[in-house]
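Data block below; observations after.
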Amino acid sequence: MKAYGVNELRKMYLDFFESKGHLVMKSFSLVPHNDNSLLLINAGMAPLKPYFTGQEIPPRRRVATCQKCIRTGDIENVGKTARHGTFFEMLGNFSFGDYFKHEAINWSWEFLTEVIGLDKDRLYPSVYETDDEAFEIWNKEVGVPADRIFRFGKEDNFWEHGAGPCGPCSEIYYDRGESYGCGKPGCTVGCDCDRYMEVWNNVFTQFENDGKGNYTELENKNIDTGMGLERLAVVVQDVDSIFAVDTIKALLDKVAQIAGTEYKVDETKDISLRLITDHIRSVTFMISDGIMPSNEGRGYVLRRLLRRAARHGRLLGIKGKFLSELSKTVIELHKDGYPELEEKQEMIFKVLSEEEEKFNKTIDQGLSMLSELEASLKKSGETVLSGDQVFKLYDTYGFPVDLTKEILEEKGISIDEDGFKKAMEKQREQARKARKTTNYMGADVTVYQSIDAAITSKFVGYDRTSHVSKITVLTTETDLVQALADGDMGTIIVEETPFYGTMGGQVADTGMITTDTAAFEVLDTIHLQGGKIGHVGKMVKGMLSVGDEVTLTIDEGRRNNTGKNHSATHLLQKALRMVLGTHVEQQGSYVDKDRLRFDFTHFSAMTNEELQQVESIVNEEIQKALPVVTDIMTLDEAKKTGAMALFGEKYGETVRVVRMGDFSTELCGGTHVANTSAITTFKILSESGIAAGVRRIEALTGDAVFEYYRNMEQTLHEAAHAAKTEPDKLTHKISSMLEEIKEFQSENEKLKNKLAKDALGDVMNQVVDVKGVKLLAASVENVDMNGLRTLGDQLKEKLGSGVVVLASSNDGKVNLIAMATDDAMKAGAHAGNLIKAIASVVGGGGGGRPNMAQAGGKNPAGIPDAIAKAKEVLEEQL
C-alpha cells in the first residue's frame, strides 16, 4: 500500500465519488448559514441539513464534500494527548433519497480496498445490533466472514440527535497491528486502545424520531457518510497519530524550528508543540471565513484558541509574534483543497498580527499577576482563585477564562467559575447603562470614532441605483474588523455609494451589497463624522472583507416613492407661499416611501378652501409635466437664481439647486423625480398646529393616494353594507338612523323610570317624622344612578317637604342618593354630609351639595344598615 499524502487522499476520495455520479461541492464556510443551533460547522452533514430535512432541494441527489470542521468540546485535552484536535477535515458522500445501504457499503469497501489498497483482512465492519440488512450486505455481497462483522448497541451504532431523522450506522475499523494495542487478552474491535481505528462511518438515515422514542420509517431514506481525512491518513501512512501525518507533521516541525526545539524529546514541550500546531490550523481557517476575534460567540472561540497558542509560544521560549508566520505554512500546506486561504492571506496575517500584538502587551503583566496570586493562595493554604480575580485577568489582561484555568491547573489550583460569571454579568449590566454616555462633542461614543479620519465616502446615487466600489471599513457593533461573516450585524463603508443616507428630512435608502459569493442586507444608511457614509445591516450569505470590490444596489421602488414625496414637498412649499403669503418658511420636513410631512410658519389654522387651493395648485404643476433639473453652483450664484435656502442650514462652498420648470427653485441635497408627472397625484391628509406659529401638513403622492382612496372606498362599502343601504344613500340612511336612536333613547328613559317606580312600589307609607322633618329612606333593585336621580325628584315632589334617601344595588355595586327640600335645609338637613356618613356602611364614599348628593359603594349587603343609619344622621343634623 502506498503512503498517500493528505492532499492526495482528499482528491482520490472526491474523484472516486464523482465517478459514482456525485456532485462534488466545495467545503462550506465554518460559519453556519441560517442555523442557530451551531456556533461552528462541526461535521460534513451540518451545512447540508436543509437537504436532509427537505427544506431545500439539493443541486443533485448525490453529493460529495470534504468539509472543514471545528470541534471545541475536548479543548482542554488538545496538546495533552496526540489523539485530540480542534480542527479536522471530514470526507463525506451523501444521498438524498437516492441510493441506500447496498451502494453505500459496497462503495466504502471498494474505495478502501481497491482505490487506496488497504488490506481486506485488516478491515472489520460493525453494524447496529438489529440491522440484519446491513449484516447480510457485508456478509453475502461484500464477502466479509460473519465472525469479522461486529454488532454493537445504540451507543455506538445508532446516530440520532434529539427529535428528527436518525438511523443505524455501519462503521469500518482498521487493525493497525499489535504494536498499537494495549496487549490485554480479549483486545478486539471496540477496545479503547489505538489498535483498532474507526476509519469510516456510514449513517443510514431511515427513521424519524418524534422526540419521545417513537420511530417511523422515512419515505426518503438518506445516506450520510463521515470519515476524518487526517484519521484515514494516519492509517494509510502507518504513523502513530494525526500529528505525524505529512501535512500536520510539516507544520509541527515548523513550530519546533521557530521554538528551537525538537518533537518527542521533552513531553512538556510536546504538549505545547501539539497545541500550537492544532490551534494555528483552526484560527487560520476561521479567519479565512471572516470570523474575527471578539468577546462572544464564534469570535470568542477564535480569541481563546489564538491566545492559548500565544501563551504556549511563551512556554516554548518563542520571543515576540510568531502566529502569522506559522499561518503561512498552514496556507501553503492546505491551499490545494482550500484556495480561499491564499486569496485571504493578507487579511489572515493582519488579524493574527493585530490580535497577537494586543495580547503581547498584557500577557507578561497578566502572568506576573497570576504568579503573585498563586503565591498568596499557597501561603494561605487555599486552592481556589476567586471569581473577581479571574475576571480581572480577563478584563484587564485579556486572559480568556480557560487560559487562566489551564495555567493554574498545572499548579493544582482551581477557579471559582460561578464567581467569574457573576462578575462578568455585572460588567455587562454596567456596559449596557454606560452606552448612554456621551463624549466631549455630545455625540454617542461609538465604534465609528475609531475609524481613520482620512477615510471618506462619496455619494454617487443621484443618477444611478447600482454601483461597484471597494470596501474601506468594516465594523461590528463594537469593533473595527477586517471581515464580516454570515449572520453578523455590522456597518460597511465604501469609497463611492449610490445609497442615500438619512439627511435633510429624507430617509435612507435600503438594499443589498453583494459579491458572487456574499450578500449583506442594508437596513439603514447613515452619515458619519468626516464625510463617511455607513451602510448598517446584516450579512445574509458568505463573507466580506476590507478591500473587496462589491456591487451596491438600492431598493429602487423605495427610492422612487421617496423621490415622489420629496419633489412634492418643493411644489407644496411654493403653493403655500402663493395661497398664504411669503411669510411661509419651511420649518422641517420628513419624506419616506409612504408619505410626506411638511412643517411651515403660519399663524392660524388653514381653512378648507385654502387647503383645496394648495392641493389643486400642486396637482396642476404635476400635470404640467415640469422637468426637474439640478444644477451645482456656488451659494451666491444660487441666491441670485432666487433659490429658497433653509433658515439655519449650513451650506458648503457649492450647492445643489433643484428647479421644477419656472415654478419652484430650492437648494436641496435630496433625490427627486426627473419630471413632476412622475408624482402622478397629490393628496393632503391633514393640517394641524405643532407649535406656536408652526403648522404641519401630512400628505400622500402617487400609488399611496390610490391606496388611500381604495381603503376609503372599502370602508364606505363596509359601512353601507352594515347599514343595509347603497354607498350613495348612506348619509341619508345615517340621519334617519340617528333620529330613530333618539326616539328609542327617549322611550327607553321613560320605561326605565317606570320600572324604577314599579320596583320601589308605594313607599309613601315608609315616611317617618324626624324632629318635625319628614324622611323617606328606601332601597330599590337594579336602578342606575340616572334612574335613581329621576326617582328621587319624583318622590321629593310627592313628599312636598323633607329629605329623600335612596339606595340601589346594580351589577354588584351600590348607588346612593340624598335630596333635601329648602325648608328641610333651613331646619339643618345637609344632603352632602348625610351621604358621606352613610356611604361608608356600603364600602364607598361620596358627597355633594346641601340640597343633593350622591355616592357609590362596593358592598350591597350593607344597604339595609345604610338606610337605617340615615335616620340617625338626620337626627344629629336637626
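Here, A, B, ... name the chains of the C-alpha cells in the order displayed, residue numbers run from 1 inside each chain, and ligands are numbered from 1 in the same displayed order.
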
Original post:
Quick one: residues within 12 Å of region 389-391 of chain A, only C-alpha atoms counted, chain neighbours fewer than 3 positions away excluded, as a PyMOL selection string?
Top reply: chain A and resi 366+369-370+372-374+377+384-386+394-405+407-408+414-427

**OP:** Write out as a VMD selection string which residues come within 9 Å of region 706-720 of chain A when counting only C-alpha atoms, dropping same-chain ones fewer than 4 positions away.
**Re:** chain A and resid 681 700 to 702 724 to 730 733

Generate a file of the selected residues that holds all heavy atoms, formatted as a compact mmCIF listing (two decimals), in the first residue's frame.
```txt
# COMPACT_ATOMS: atom_id res chain seq x y z
N THR A 681 -50.05 62.14 -8.61
CA THR A 681 -51.12 62.88 -7.94
C THR A 681 -50.72 63.20 -6.50
O THR A 681 -49.81 62.57 -5.96
CB THR A 681 -52.45 62.08 -7.98
OG1 THR A 681 -53.47 62.86 -7.40
CG2 THR A 681 -52.33 60.78 -7.22
N LEU A 700 -49.99 62.58 0.79
CA LEU A 700 -49.60 61.37 0.06
C LEU A 700 -49.39 61.73 -1.41
O LEU A 700 -49.94 62.72 -1.90
CB LEU A 700 -50.70 60.31 0.14
CG LEU A 700 -51.17 59.85 1.52
CD1 LEU A 700 -52.37 58.93 1.36
CD2 LEU A 700 -50.05 59.12 2.25
N THR A 701 -48.59 60.86 -2.10
CA THR A 701 -48.45 61.04 -3.56
C THR A 701 -48.56 59.68 -4.23
O THR A 701 -48.48 58.63 -3.58
CB THR A 701 -47.05 61.62 -3.92
OG1 THR A 701 -46.07 60.65 -3.55
CG2 THR A 701 -46.78 62.94 -3.25
N GLY A 702 -48.70 59.73 -5.56
CA GLY A 702 -48.63 58.52 -6.40
C GLY A 702 -49.53 57.39 -5.97
O GLY A 702 -50.70 57.60 -5.62
N LYS A 724 -77.19 48.43 5.70
CA LYS A 724 -78.16 47.84 4.77
C LYS A 724 -78.68 48.87 3.75
O LYS A 724 -79.89 49.06 3.57
CB LYS A 724 -79.34 47.22 5.53
CG LYS A 724 -78.94 46.06 6.43
CD LYS A 724 -80.17 45.38 7.02
CE LYS A 724 -79.85 44.10 7.73
NZ LYS A 724 -78.92 44.21 8.85
N THR A 725 -77.71 49.53 3.08
CA THR A 725 -78.09 50.51 2.05
C THR A 725 -76.98 50.59 1.00
O THR A 725 -75.99 49.87 1.08
CB THR A 725 -78.35 51.90 2.68
OG1 THR A 725 -78.87 52.76 1.67
CG2 THR A 725 -77.10 52.52 3.28
N GLU A 726 -77.17 51.48 0.03
CA GLU A 726 -76.15 51.71 -1.00
C GLU A 726 -75.23 52.85 -0.55
O GLU A 726 -75.67 53.76 0.16
CB GLU A 726 -76.83 52.12 -2.33
CG GLU A 726 -77.74 51.06 -2.92
CD GLU A 726 -77.01 49.75 -3.18
OE1 GLU A 726 -75.90 49.80 -3.76
OE2 GLU A 726 -77.51 48.69 -2.79
N PRO A 727 -73.92 52.86 -1.02
CA PRO A 727 -73.00 53.93 -0.61
C PRO A 727 -73.54 55.34 -0.85
O PRO A 727 -73.38 56.21 0.00
CB PRO A 727 -71.75 53.66 -1.45
CG PRO A 727 -71.78 52.19 -1.70
CD PRO A 727 -73.22 51.83 -1.84
N ASP A 728 -74.22 55.59 -1.99
CA ASP A 728 -74.69 56.95 -2.28
C ASP A 728 -75.87 57.37 -1.41
O ASP A 728 -76.24 58.54 -1.35
CB ASP A 728 -75.02 57.11 -3.77
CG ASP A 728 -76.07 56.10 -4.23
OD1 ASP A 728 -76.31 55.10 -3.50
OD2 ASP A 728 -76.66 56.30 -5.31
N LYS A 729 -76.50 56.38 -0.73
CA LYS A 729 -77.64 56.72 0.14
C LYS A 729 -77.25 56.66 1.62
O LYS A 729 -78.10 56.75 2.50
CB LYS A 729 -78.79 55.74 -0.12
CG LYS A 729 -79.37 55.85 -1.54
CD LYS A 729 -80.39 54.76 -1.80
CE LYS A 729 -80.81 54.80 -3.28
NZ LYS A 729 -81.16 53.47 -3.78
N LEU A 730 -75.96 56.49 1.88
CA LEU A 730 -75.50 56.25 3.25
C LEU A 730 -75.74 57.45 4.17
O LEU A 730 -76.21 57.28 5.29
CB LEU A 730 -74.00 55.87 3.25
CG LEU A 730 -73.41 55.46 4.60
CD1 LEU A 730 -74.14 54.25 5.17
CD2 LEU A 730 -71.92 55.13 4.47
N LYS A 733 -79.29 57.61 5.13
CA LYS A 733 -79.61 56.47 6.00
C LYS A 733 -79.11 56.74 7.43
O LYS A 733 -79.83 56.48 8.41
CB LYS A 733 -78.94 55.21 5.43
CG LYS A 733 -79.16 53.96 6.25
CD LYS A 733 -80.52 53.33 6.03
CE LYS A 733 -80.67 52.10 6.89
NZ LYS A 733 -81.70 51.19 6.46
```

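From CA of Leu118 (chain A) back to CA of Thr205 (chain A), the distance works out to 27.2 Å.
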
Subject >> Contacts of region 773-790 of chain A at 8 Å (only C-alpha atoms; same-chain gap of 4+ positions) as a VMD selection string >> reply: chain A and resid 752 to 753 756 759 to 760 763 to 764 766 to 769 794 799 801 to 811 815 to 817 824 827 863 to 864 867 to 868 870 to 871

**OP:** Pull the alpha helix (DSSP H) assignments for region 106-176 of chain A out of DSSP run on the backbone, and list those residues as a count of residues only.
**Re:** 14

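Those residues in region 541-574 of chain A carrying a DSSP assignment of strand (DSSP E), computed from the backbone, are Lys541, Met543, Leu544, Ser545, Glu549, Val550, Thr551, Leu552, Thr553 and Ile554 of chain A.
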
Kindly export the residues of the current selection with C-alpha atoms, as a PDB file, in the first residue's frame.
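Heads up, here's the output in again_26.pdb:
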```pdb
ATOM      1  CA  LYS A 541     -24.681  34.997   2.994  1.00  0.00           C
ATOM      2  CA  MET A 543     -18.341  36.835   3.986  1.00  0.00           C
ATOM      3  CA  LEU A 544     -16.990  40.248   3.013  1.00  0.00           C
ATOM      4  CA  SER A 545     -13.567  41.644   3.843  1.00  0.00           C
ATOM      5  CA  GLU A 549     -14.901  45.006  -4.642  1.00  0.00           C
ATOM      6  CA  VAL A 550     -18.671  44.936  -4.152  1.00  0.00           C
ATOM      7  CA  THR A 551     -21.853  45.795  -6.035  1.00  0.00           C
ATOM      8  CA  LEU A 552     -24.134  48.189  -4.144  1.00  0.00           C
ATOM      9  CA  THR A 553     -27.778  48.065  -5.252  1.00  0.00           C
ATOM     10  CA  ILE A 554     -30.507  50.188  -3.699  1.00  0.00           C
TER      11      ILE A 554
END
```

Original post:
region 667-680 of chain A: which residues within 8 Å, counting only C-alpha atoms, same-chain residues fewer than 5 positions away excluded, as number ranges by chain?
Top reply: A: 462, 503-504, 506, 560, 563-568, 621-629, 638, 643-646, 655-658, 660, 701-702

Subject >> Pairwise distance for CA of Lys344 (chain A) and CA of Ile291 (chain A), rounded to one decimal in Å >> reply: 12.1 Å

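The residue that comes closest to Lys378 (chain A), out of A:Thr582, A:Glu740, A:Gly547, A:Ile413 and on the basis of only C-alpha atoms, is A:Ile413.
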
**OP:** Do a neighbour search on region 51-63 of chain A at 6 Å with only C-alpha atoms, toss out local chain neighbours closer than 6 positions, and write the hits as an MDAnalysis selection string.
**Re:** chainID A and resid 22:24 93:96

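Among the candidate residues A:Val841, A:Leu14, A:Ala46, A:Leu834, the one lying nearest to His33 (chain A) is A:Ala46, with distances computed using only C-alpha atoms.
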
**OP:** Please indicate the distance in Å from CA of Thr456 (chain A) to CA of Ile348 (chain A), rounded to one decimal place.
**Re:** 25.1 Å

Subject >> Distance query Gly297 (chain A) at most 12 Å, only C-alpha atoms, self and fewer than 5 positions along chain excluded, as JSON, numbers by chain >> reply: {"A": [31, 36, 38, 39, 40, 291, 292, 302, 303, 304, 487, 488]}

Original post:
Which is closer to Lys574 (chain A) than all the others in A:Asn106, A:Thr630, A:Gln587, A:Thr665, using only C-alpha atoms?
Top reply: A:Thr665
